[in-house]
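Asks: See protein-v1.cif below, with mmCIF, C-alpha atoms, pLDDT in the B column; chains and numbers go by the auth columns.
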```
data_protein
#
loop_
_atom_site.group_PDB
_atom_site.id
_atom_site.type_symbol
_atom_site.label_atom_id
_atom_site.label_comp_id
_atom_site.label_asym_id
_atom_site.label_seq_id
_atom_site.Cartn_x
_atom_site.Cartn_y
_atom_site.Cartn_z
_atom_site.B_iso_or_equiv
_atom_site.auth_seq_id
_atom_site.auth_asym_id
ATOM 1 C CA THR A 1 19.863 -4.468 -16.015 59.00 1 A
ATOM 2 C CA ALA A 2 21.635 -1.134 -16.467 52.00 2 A
ATOM 3 C CA ALA A 3 18.896 0.698 -14.563 55.00 3 A
ATOM 4 C CA ALA A 4 19.128 -1.797 -11.706 57.00 4 A
ATOM 5 C CA GLU A 5 22.884 -1.404 -11.505 59.00 5 A
ATOM 6 C CA ALA A 6 22.512 2.371 -11.464 54.00 6 A
ATOM 7 C CA ALA A 7 20.110 2.146 -8.512 52.00 7 A
ATOM 8 C CA GLY A 8 22.894 1.249 -6.107 64.00 8 A
ATOM 9 C CA PRO A 9 21.720 -0.559 -2.952 75.00 9 A
ATOM 10 C CA ASP A 10 18.006 -0.451 -3.842 88.00 10 A
ATOM 11 C CA PRO A 11 16.775 -4.049 -4.446 90.00 11 A
ATOM 12 C CA VAL A 12 13.490 -3.063 -6.112 92.00 12 A
ATOM 13 C CA PRO A 13 14.932 -2.598 -9.636 92.00 13 A
ATOM 14 C CA TRP A 14 16.445 -6.053 -9.308 92.00 14 A
ATOM 15 C CA ARG A 15 13.043 -7.474 -8.467 94.00 15 A
ATOM 16 C CA THR A 16 11.807 -5.871 -11.695 95.00 16 A
ATOM 17 C CA ALA A 17 14.734 -7.421 -13.553 95.00 17 A
ATOM 18 C CA LEU A 18 13.933 -10.833 -12.067 96.00 18 A
ATOM 19 C CA ASP A 19 10.311 -10.567 -13.187 95.00 19 A
ATOM 20 C CA ALA A 20 11.418 -9.528 -16.668 95.00 20 A
ATOM 21 C CA ALA A 21 13.817 -12.457 -16.867 95.00 21 A
ATOM 22 C CA ARG A 22 11.054 -14.881 -15.918 93.00 22 A
ATOM 23 C CA GLY A 23 8.730 -13.375 -18.506 92.00 23 A
ATOM 24 C CA ALA A 24 11.408 -13.655 -21.178 94.00 24 A
ATOM 25 C CA GLY A 25 12.142 -17.272 -20.307 91.00 25 A
ATOM 26 C CA ALA A 26 15.722 -16.520 -19.274 94.00 26 A
ATOM 27 C CA GLY A 27 17.972 -19.467 -18.597 93.00 27 A
ATOM 28 C CA HIS A 28 18.955 -20.550 -15.125 94.00 28 A
ATOM 29 C CA ALA A 29 22.438 -19.025 -15.292 95.00 29 A
ATOM 30 C CA GLU A 30 21.115 -15.577 -16.210 95.00 30 A
ATOM 31 C CA PHE A 31 18.437 -15.684 -13.541 95.00 31 A
ATOM 32 C CA GLU A 32 20.978 -16.811 -10.957 95.00 32 A
ATOM 33 C CA ARG A 33 23.185 -13.847 -11.855 95.00 33 A
ATOM 34 C CA LEU A 34 20.317 -11.422 -11.273 96.00 34 A
ATOM 35 C CA TRP A 35 19.300 -13.214 -8.086 95.00 35 A
ATOM 36 C CA GLU A 36 22.794 -12.884 -6.630 95.00 36 A
ATOM 37 C CA GLN A 37 22.727 -9.145 -7.277 93.00 37 A
ATOM 38 C CA ALA A 38 19.292 -8.818 -5.658 95.00 38 A
ATOM 39 C CA VAL A 39 20.082 -10.682 -2.438 95.00 39 A
ATOM 40 C CA ARG A 40 23.432 -8.923 -2.150 94.00 40 A
ATOM 41 C CA ARG A 41 21.459 -5.698 -1.756 93.00 41 A
ATOM 42 C CA SER A 42 18.724 -7.093 0.479 94.00 42 A
ATOM 43 C CA PRO A 43 19.038 -10.706 1.666 95.00 43 A
ATOM 44 C CA HIS A 44 15.439 -10.898 2.888 95.00 44 A
ATOM 45 C CA HIS A 45 13.582 -8.768 0.340 95.00 45 A
ATOM 46 C CA TYR A 46 10.123 -10.304 -0.017 95.00 46 A
ATOM 47 C CA GLY A 47 9.479 -9.170 -3.582 95.00 47 A
ATOM 48 C CA CYS A 48 12.747 -10.612 -4.862 96.00 48 A
ATOM 49 C CA HIS A 49 12.033 -13.915 -3.152 97.00 49 A
ATOM 50 C CA VAL A 50 8.551 -14.019 -4.674 96.00 50 A
ATOM 51 C CA ALA A 51 10.087 -13.400 -8.102 96.00 51 A
ATOM 52 C CA ALA A 52 12.510 -16.277 -7.573 96.00 52 A
ATOM 53 C CA LEU A 53 9.720 -18.554 -6.358 96.00 53 A
ATOM 54 C CA GLU A 54 7.621 -17.746 -9.412 94.00 54 A
ATOM 55 C CA TYR A 55 10.594 -18.405 -11.689 95.00 55 A
ATOM 56 C CA LEU A 56 11.108 -21.796 -10.080 93.00 56 A
ATOM 57 C CA ALA A 57 7.416 -22.655 -10.396 92.00 57 A
ATOM 58 C CA ALA A 58 7.302 -21.555 -14.040 91.00 58 A
ATOM 59 C CA ALA A 59 10.452 -23.490 -14.922 89.00 59 A
ATOM 60 C CA SER A 60 9.116 -26.710 -13.366 86.00 60 A
ATOM 61 C CA PRO A 61 5.316 -26.569 -12.901 79.00 61 A
ATOM 62 C CA GLY A 62 5.263 -29.801 -10.907 81.00 62 A
ATOM 63 C CA ALA A 63 8.141 -28.844 -8.616 89.00 63 A
ATOM 64 C CA HIS A 64 5.998 -28.387 -5.512 92.00 64 A
ATOM 65 C CA ARG A 65 8.613 -29.741 -3.135 93.00 65 A
ATOM 66 C CA GLU A 66 11.344 -27.574 -4.618 94.00 66 A
ATOM 67 C CA CYS A 67 9.163 -24.474 -4.232 95.00 67 A
ATOM 68 C CA LEU A 68 8.412 -25.333 -0.615 96.00 68 A
ATOM 69 C CA ASP A 69 12.073 -26.136 0.084 96.00 69 A
ATOM 70 C CA PHE A 70 13.140 -22.745 -1.253 97.00 70 A
ATOM 71 C CA ALA A 71 10.444 -20.869 0.662 97.00 71 A
ATOM 72 C CA GLU A 72 10.985 -22.702 3.940 97.00 72 A
ATOM 73 C CA THR A 73 14.736 -22.080 3.840 97.00 73 A
ATOM 74 C CA ALA A 74 14.220 -18.376 3.136 97.00 74 A
ATOM 75 C CA ALA A 75 11.695 -18.084 5.967 96.00 75 A
ATOM 76 C CA GLN A 76 13.903 -19.903 8.431 95.00 76 A
ATOM 77 C CA ASP A 77 16.846 -17.597 7.719 93.00 77 A
ATOM 78 C CA ALA A 78 14.823 -14.365 7.962 94.00 78 A
ATOM 79 C CA PRO A 79 14.366 -12.105 11.011 93.00 79 A
ATOM 80 C CA GLU A 80 11.255 -12.726 13.105 88.00 80 A
ATOM 81 C CA ASP A 81 9.373 -9.689 11.795 85.00 81 A
ATOM 82 C CA ALA A 82 10.368 -10.022 8.130 91.00 82 A
ATOM 83 C CA LEU A 83 7.573 -10.531 5.615 92.00 83 A
ATOM 84 C CA VAL A 84 9.671 -13.152 3.855 96.00 84 A
ATOM 85 C CA ARG A 85 8.830 -15.440 6.771 95.00 85 A
ATOM 86 C CA ALA A 86 5.461 -15.789 5.042 95.00 86 A
ATOM 87 C CA LEU A 87 7.073 -17.025 1.814 98.00 87 A
ATOM 88 C CA PRO A 88 5.996 -20.643 2.488 98.00 88 A
ATOM 89 C CA LEU A 89 2.402 -19.396 2.320 98.00 89 A
ATOM 90 C CA ARG A 90 3.104 -18.014 -1.134 98.00 90 A
ATOM 91 C CA ALA A 91 4.647 -21.363 -2.066 97.00 91 A
ATOM 92 C CA ALA A 92 1.531 -23.137 -0.773 97.00 92 A
ATOM 93 C CA PHE A 93 -0.600 -20.865 -2.953 97.00 93 A
ATOM 94 C CA THR A 94 1.624 -21.726 -5.919 94.00 94 A
ATOM 95 C CA CYS A 95 1.267 -25.458 -5.257 92.00 95 A
ATOM 96 C CA LEU A 96 -2.516 -25.247 -4.989 93.00 96 A
ATOM 97 C CA THR A 97 -3.038 -23.051 -8.030 91.00 97 A
ATOM 98 C CA THR A 98 -0.560 -24.957 -10.189 83.00 98 A
ATOM 99 C CA ALA A 99 -2.753 -27.986 -9.555 63.00 99 A
ATOM 100 C CA ASP A 100 -5.695 -25.959 -10.882 66.00 100 A
ATOM 101 C CA ASP A 101 -3.749 -25.170 -14.031 61.00 101 A
ATOM 102 C CA GLY A 102 -3.120 -28.802 -14.853 54.00 102 A
ATOM 103 C CA GLY A 103 -0.034 -29.626 -12.825 48.00 103 A
ATOM 104 C CA ASP A 104 0.578 -33.064 -11.406 46.00 104 A
ATOM 105 C CA ASP A 105 -2.739 -32.896 -9.534 44.00 105 A
ATOM 106 C CA ALA A 106 -5.345 -31.558 -11.896 42.00 106 A
ATOM 107 C CA ASP A 107 -8.161 -31.723 -9.337 48.00 107 A
ATOM 108 C CA GLY A 108 -6.804 -28.678 -7.515 52.00 108 A
ATOM 109 C CA VAL A 109 -6.355 -30.527 -4.222 61.00 109 A
ATOM 110 C CA PRO A 110 -3.122 -30.479 -2.206 66.00 110 A
ATOM 111 C CA PRO A 111 -0.477 -32.508 -4.042 68.00 111 A
ATOM 112 C CA GLN A 112 -0.087 -35.953 -2.527 72.00 112 A
ATOM 113 C CA GLY A 113 2.216 -36.079 0.464 84.00 113 A
ATOM 114 C CA LEU A 114 2.414 -32.303 0.885 93.00 114 A
ATOM 115 C CA ARG A 115 -0.657 -31.590 3.007 94.00 115 A
ATOM 116 C CA ALA A 116 1.342 -31.353 6.246 95.00 116 A
ATOM 117 C CA ARG A 117 3.775 -28.870 4.692 96.00 117 A
ATOM 118 C CA LEU A 118 0.947 -26.738 3.324 97.00 118 A
ATOM 119 C CA ASP A 119 -0.692 -26.678 6.750 97.00 119 A
ATOM 120 C CA ALA A 120 2.650 -25.745 8.313 97.00 120 A
ATOM 121 C CA ALA A 121 3.006 -22.875 5.836 97.00 121 A
ATOM 122 C CA ALA A 122 -0.436 -21.609 6.815 98.00 122 A
ATOM 123 C CA ASP A 123 0.362 -21.966 10.520 97.00 123 A
ATOM 124 C CA ARG A 124 3.566 -19.973 10.101 96.00 124 A
ATOM 125 C CA ALA A 125 1.611 -17.211 8.376 97.00 125 A
ATOM 126 C CA ILE A 126 -1.040 -17.256 11.113 97.00 126 A
ATOM 127 C CA ALA A 127 1.719 -16.646 13.653 95.00 127 A
ATOM 128 C CA LEU A 128 3.043 -13.739 11.604 95.00 128 A
ATOM 129 C CA SER A 129 -0.466 -12.313 11.273 96.00 129 A
ATOM 130 C CA ALA A 130 -0.928 -12.562 15.044 96.00 130 A
ATOM 131 C CA ALA A 131 2.046 -10.260 15.550 94.00 131 A
ATOM 132 C CA HIS A 132 0.079 -7.384 13.992 95.00 132 A
ATOM 133 C CA PRO A 133 -3.093 -5.674 15.181 97.00 133 A
ATOM 134 C CA ALA A 134 -6.443 -6.217 13.539 97.00 134 A
ATOM 135 C CA ALA A 135 -7.120 -4.049 10.483 97.00 135 A
ATOM 136 C CA ASP A 136 -3.414 -3.351 10.009 97.00 136 A
ATOM 137 C CA PRO A 137 -2.854 -2.305 6.385 96.00 137 A
ATOM 138 C CA TRP A 138 0.711 -3.671 6.487 94.00 138 A
ATOM 139 C CA ALA A 139 -0.647 -7.183 7.010 96.00 139 A
ATOM 140 C CA ALA A 140 -3.468 -6.874 4.469 97.00 140 A
ATOM 141 C CA GLU A 141 -1.926 -8.839 1.601 96.00 141 A
ATOM 142 C CA LEU A 142 -0.644 -11.501 3.977 97.00 142 A
ATOM 143 C CA ARG A 143 -4.108 -11.952 5.474 98.00 143 A
ATOM 144 C CA ASN A 144 -5.925 -11.920 2.135 98.00 144 A
ATOM 145 C CA LEU A 145 -3.602 -14.624 0.830 98.00 145 A
ATOM 146 C CA LEU A 146 -3.903 -16.533 4.086 98.00 146 A
ATOM 147 C CA VAL A 147 -7.701 -16.562 3.831 98.00 147 A
ATOM 148 C CA TYR A 148 -7.452 -17.942 0.295 98.00 148 A
ATOM 149 C CA VAL A 149 -5.040 -20.726 1.238 98.00 149 A
ATOM 150 C CA LEU A 150 -6.906 -21.658 4.426 98.00 150 A
ATOM 151 C CA LEU A 151 -10.145 -22.030 2.499 97.00 151 A
ATOM 152 C CA ARG A 152 -8.431 -24.182 -0.115 95.00 152 A
ATOM 153 C CA LEU A 153 -7.186 -26.365 2.731 96.00 153 A
ATOM 154 C CA GLY A 154 -10.670 -26.612 4.223 95.00 154 A
ATOM 155 C CA ARG A 155 -9.730 -24.683 7.377 96.00 155 A
ATOM 156 C CA HIS A 156 -12.827 -22.522 7.495 96.00 156 A
ATOM 157 C CA ALA A 157 -12.677 -21.499 11.158 96.00 157 A
ATOM 158 C CA ASP A 158 -9.112 -20.232 10.748 98.00 158 A
ATOM 159 C CA ALA A 159 -10.133 -18.408 7.574 98.00 159 A
ATOM 160 C CA ALA A 160 -13.008 -16.717 9.416 97.00 160 A
ATOM 161 C CA GLU A 161 -10.593 -15.422 12.055 98.00 161 A
ATOM 162 C CA GLN A 162 -8.234 -14.025 9.424 98.00 162 A
ATOM 163 C CA LEU A 163 -11.156 -12.308 7.716 98.00 163 A
ATOM 164 C CA ARG A 164 -11.977 -10.662 11.035 97.00 164 A
ATOM 165 C CA LEU A 165 -8.380 -9.496 11.410 98.00 165 A
ATOM 166 C CA THR A 166 -8.266 -8.223 7.828 97.00 166 A
ATOM 167 C CA GLY A 167 -10.903 -5.602 8.533 96.00 167 A
ATOM 168 C CA PRO A 168 -11.680 -3.338 5.572 95.00 168 A
ATOM 169 C CA TYR A 169 -8.386 -3.931 3.748 97.00 169 A
ATOM 170 C CA VAL A 170 -8.865 -5.929 0.560 97.00 170 A
ATOM 171 C CA THR A 171 -5.987 -6.564 -1.833 98.00 171 A
ATOM 172 C CA SER A 172 -6.305 -7.496 -5.488 97.00 172 A
ATOM 173 C CA PHE A 173 -4.024 -10.485 -4.987 97.00 173 A
ATOM 174 C CA PRO A 174 -4.934 -13.336 -4.732 98.00 174 A
ATOM 175 C CA TRP A 175 -8.565 -12.730 -5.710 97.00 175 A
ATOM 176 C CA ASP A 176 -7.662 -11.381 -9.149 96.00 176 A
ATOM 177 C CA ARG A 177 -6.424 -14.828 -10.077 94.00 177 A
ATOM 178 C CA GLU A 178 -10.036 -16.001 -10.345 92.00 178 A
ATOM 179 C CA THR A 179 -11.903 -12.936 -11.564 96.00 179 A
ATOM 180 C CA ASP A 180 -11.681 -9.470 -13.051 97.00 180 A
ATOM 181 C CA ASP A 181 -13.561 -8.227 -9.974 98.00 181 A
ATOM 182 C CA PRO A 182 -11.297 -9.072 -7.019 97.00 182 A
ATOM 183 C CA LEU A 183 -13.271 -6.896 -4.604 97.00 183 A
ATOM 184 C CA GLY A 184 -16.498 -8.624 -5.545 97.00 184 A
ATOM 185 C CA ARG A 185 -14.846 -12.011 -5.170 97.00 185 A
ATOM 186 C CA PHE A 186 -13.505 -11.114 -1.730 98.00 186 A
ATOM 187 C CA LEU A 187 -16.877 -9.817 -0.567 97.00 187 A
ATOM 188 C CA GLY A 188 -18.561 -12.977 -1.805 97.00 188 A
ATOM 189 C CA VAL A 189 -16.060 -15.193 -0.007 97.00 189 A
ATOM 190 C CA ARG A 190 -16.423 -13.177 3.185 97.00 190 A
ATOM 191 C CA ALA A 191 -20.206 -13.441 3.069 97.00 191 A
ATOM 192 C CA GLU A 192 -20.032 -17.206 2.531 96.00 192 A
ATOM 193 C CA VAL A 193 -17.583 -17.722 5.389 96.00 193 A
ATOM 194 C CA ARG A 194 -19.605 -15.565 7.761 93.00 194 A
ATOM 195 C CA ALA A 195 -22.821 -17.348 6.844 94.00 195 A
ATOM 196 C CA ALA A 196 -21.226 -20.735 7.444 92.00 196 A
ATOM 197 C CA ALA A 197 -19.878 -19.606 10.814 87.00 197 A
ATOM 198 C CA ALA A 198 -23.151 -18.070 12.002 82.00 198 A
ATOM 199 C CA PRO A 199 -25.240 -20.115 14.459 80.00 199 A
ATOM 200 C CA PRO A 200 -28.584 -21.423 13.154 75.00 200 A
ATOM 201 C CA ALA A 201 -31.436 -18.971 13.495 67.00 201 A
ATOM 202 C CA ALA A 202 -33.622 -19.530 16.541 63.00 202 A
ATOM 203 C CA GLY A 203 -36.668 -21.615 15.775 59.00 203 A
ATOM 204 C CA SER A 204 -35.301 -22.977 12.516 53.00 204 A
ATOM 205 C CA GLY A 205 -37.040 -26.208 13.416 53.00 205 A
ATOM 206 C CA HIS A 206 -34.351 -28.714 12.529 52.00 206 A
ATOM 207 C CA PRO A 207 -31.042 -29.509 14.183 47.00 207 A
ATOM 208 C CA ARG A 208 -28.065 -29.642 11.896 47.00 208 A
ATOM 209 C CA SER A 209 -25.612 -32.446 11.446 42.00 209 A
ATOM 210 C CA GLY A 210 -21.881 -32.054 11.931 42.00 210 A
ATOM 211 C CA ARG A 211 -21.479 -31.898 8.164 41.00 211 A
ATOM 212 C CA GLY A 212 -23.433 -28.664 7.972 41.00 212 A
ATOM 213 C CA GLY A 213 -26.669 -29.993 6.460 42.00 213 A
ATOM 214 C CA ARG A 214 -30.010 -30.774 8.037 40.00 214 A
ATOM 215 C CA VAL A 215 -30.125 -34.007 9.970 37.00 215 A
ATOM 216 C CA ARG A 216 -31.627 -36.821 7.956 40.00 216 A
ATOM 217 C CA PRO A 217 -32.557 -40.316 9.126 38.00 217 A
ATOM 218 C CA GLY A 218 -29.413 -41.724 7.577 43.00 218 A
ATOM 219 C CA ASP A 219 -27.229 -39.402 9.644 44.00 219 A
ATOM 220 C CA HIS A 220 -27.543 -41.585 12.764 41.00 220 A
#
```
For the file at hand, write its structure as structure tokens.
Replies:
Amino acid sequence: TAAAEAAGPDPVPWRTALDAARGAGAGHAEFERLWEQAVRRSPHHYGCHVAALEYLAAASPGAHRECLDFAETAAQDAPEDALVRALPLRAAFTCLTTADDGGDDADGVPPQGLRARLDAAADRAIALSAAHPAADPWAAELRNLLVYVLLRLGRHADAAEQLRLTGPYVTSFPWDRETDDPLGRFLGVRAEVRAAAAPPAAGSGHPRSGRGGRVRPGDH
């Protein structure tokens, strides 16, 4: 941490130190010491909060509620335009992907009893996204992550709107979690969402049911 201490008021070296501590499996007391130094320099620094959230998730993979508690408190205390107000979205992503990795819900669905909080995290991020113009590079990572979480929650119409707002700005995260080709993954997701949102072609010959498939006799 000597380099971080030499950096004075800059919180970024402390974010690096927090990441290193997580990677090294540092104990809670050591991480807390680094965390105090980081927030002393910047109480609402998004990167430092993400590092702390990831430490908490790594220390207790099933601690979905604790991750959401931490993120919601940080967001509530932050200024209106601070990116850390989107931290609950990052916590929602952590909850959903921890389930994929064999957490307490190995099917990758929202952990039981947390669906409302995950939706609230997405809604908070939608509000933050709405404060920025379409195709704003500043909001690119927020919107890419928001699309991912909304799709995992089955909110396809909201995801389609965030894809529209994203414009041409694709970020590696979160798509690189699933593939070595994050751009290809994003483009594939965008094509699927757009196709699902498109109205049926004229003269297709068959009405469609509310579930998205062709109407069959058993649908009535």
Asks: On this file, the PyMOL selection byres ((chain A and resi 147-160) around 8) gives some set of residues; write that set as a list in words.
Replies: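 Selected by the PyMOL selection byres ((chain A and resi 147-160) around 8) in this file: Leu89, Ala92, Phe93, Leu96, Val109, Pro110, Asp119, Ala122, Arg143, Asn144, Leu145, Leu146, Glu161, Gln162, Leu163, Arg164, Pro174, Arg190, Val193, Arg194 and Ala197 of chain A.
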Asks: Next, the residues of the selection above should be written as a PDB file, in the frame of the given file with C-alpha atoms.
Replies:
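Listing of again16.pdb after writing:
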```
ATOM      1  CA  LEU A  89       2.402 -19.396   2.320  1.00 98.00           C
ATOM      2  CA  ALA A  92       1.531 -23.137  -0.773  1.00 97.00           C
ATOM      3  CA  PHE A  93      -0.600 -20.865  -2.953  1.00 97.00           C
ATOM      4  CA  LEU A  96      -2.516 -25.247  -4.989  1.00 93.00           C
ATOM      5  CA  VAL A 109      -6.355 -30.527  -4.222  1.00 61.00           C
ATOM      6  CA  PRO A 110      -3.122 -30.479  -2.206  1.00 66.00           C
ATOM      7  CA  ASP A 119      -0.692 -26.678   6.750  1.00 97.00           C
ATOM      8  CA  ALA A 122      -0.436 -21.609   6.815  1.00 98.00           C
ATOM      9  CA  ARG A 143      -4.108 -11.952   5.474  1.00 98.00           C
ATOM     10  CA  ASN A 144      -5.925 -11.920   2.135  1.00 98.00           C
ATOM     11  CA  LEU A 145      -3.602 -14.624   0.830  1.00 98.00           C
ATOM     12  CA  LEU A 146      -3.903 -16.533   4.086  1.00 98.00           C
ATOM     13  CA  GLU A 161     -10.593 -15.422  12.055  1.00 98.00           C
ATOM     14  CA  GLN A 162      -8.234 -14.025   9.424  1.00 98.00           C
ATOM     15  CA  LEU A 163     -11.156 -12.308   7.716  1.00 98.00           C
ATOM     16  CA  ARG A 164     -11.977 -10.662  11.035  1.00 97.00           C
ATOM     17  CA  PRO A 174      -4.934 -13.336  -4.732  1.00 98.00           C
ATOM     18  CA  ARG A 190     -16.423 -13.177   3.185  1.00 97.00           C
ATOM     19  CA  VAL A 193     -17.583 -17.722   5.389  1.00 96.00           C
ATOM     20  CA  ARG A 194     -19.605 -15.565   7.761  1.00 93.00           C
ATOM     21  CA  ALA A 197     -19.878 -19.606  10.814  1.00 87.00           C
TER      22      ALA A 197
END
```
Asks: For Ala86 in chain A, work out the shell of residues within 12 Å, counting only C-alpha atoms and skipping chain neighbours fewer than 3 positions away, then give it as a ChimeraX atom specification.
Replies: /A:44-47,49-50,68,71-83,89-93,118,120-129,139,141-143,145-146
Asks: For this structure, which residues satisfy the selection - the PyMOL selection byres ((chain A and resi 16-23) around 8) - when it is evaluated on the file as given? I want them as an MDAnalysis selection string.
Replies: chainID A and resid 1 4 12:15 24:26 30:31 34:35 48 51:52 54:55 58
Asks: Suppose you want the space between CA of Ala63 in chain A and CA of Ala29 in chain A; what is it in Å?
Replies: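 Here the two named atoms are 18.6 Å from each other.
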Asks: Starting from the PyMOL selection byres ((chain A and resi 137) around 12), expand the selection into actual residues of this file and give them as a ChimeraX atom specification.
Replies: /A:129,132-136,138-144,165-171
Asks: Please dump the current selection as a PDB file, keeping the file's coordinate frame; keep C-alpha atoms.
Replies:
```
ATOM      1  CA  SER A 129      -0.466 -12.313  11.273  1.00 96.00           C
ATOM      2  CA  HIS A 132       0.079  -7.384  13.992  1.00 95.00           C
ATOM      3  CA  PRO A 133      -3.093  -5.674  15.181  1.00 97.00           C
ATOM      4  CA  ALA A 134      -6.443  -6.217  13.539  1.00 97.00           C
ATOM      5  CA  ALA A 135      -7.120  -4.049  10.483  1.00 97.00           C
ATOM      6  CA  ASP A 136      -3.414  -3.351  10.009  1.00 97.00           C
ATOM      7  CA  TRP A 138       0.711  -3.671   6.487  1.00 94.00           C
ATOM      8  CA  ALA A 139      -0.647  -7.183   7.010  1.00 96.00           C
ATOM      9  CA  ALA A 140      -3.468  -6.874   4.469  1.00 97.00           C
ATOM     10  CA  GLU A 141      -1.926  -8.839   1.601  1.00 96.00           C
ATOM     11  CA  LEU A 142      -0.644 -11.501   3.977  1.00 97.00           C
ATOM     12  CA  ARG A 143      -4.108 -11.952   5.474  1.00 98.00           C
ATOM     13  CA  ASN A 144      -5.925 -11.920   2.135  1.00 98.00           C
ATOM     14  CA  LEU A 165      -8.380  -9.496  11.410  1.00 98.00           C
ATOM     15  CA  THR A 166      -8.266  -8.223   7.828  1.00 97.00           C
ATOM     16  CA  GLY A 167     -10.903  -5.602   8.533  1.00 96.00           C
ATOM     17  CA  PRO A 168     -11.680  -3.338   5.572  1.00 95.00           C
ATOM     18  CA  TYR A 169      -8.386  -3.931   3.748  1.00 97.00           C
ATOM     19  CA  VAL A 170      -8.865  -5.929   0.560  1.00 97.00           C
ATOM     20  CA  THR A 171      -5.987  -6.564  -1.833  1.00 98.00           C
TER      21      THR A 171
END
```
Asks: To one decimal place in Å, what is the distance between CA of Pro88 in chain A and CA of Phe70 in chain A?
Replies: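 Here the two named atoms are 8.3 Å from each other.
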Asks: For CA of Val39 in chain A and CA of Glu66 in chain A, quote the distance in Å rounded to one decimal.
Replies: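 Atom-to-atom, CA of Val39 in chain A to CA of Glu66 in chain A, that is 19.1 Å.
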Asks: Please identify all polymer residues within 12 Å of Arg177 in chain A, counting all atoms listed in the file, omitting same-chain residues fewer than 5 positions from it, and present them as a list in words.
Replies: Phe93, Thr94, Thr97, Thr98, Asp100, Asp101, Leu145, Tyr148, Thr171, Ser172, Pro182, Leu183, Arg185 and Phe186 of chain A
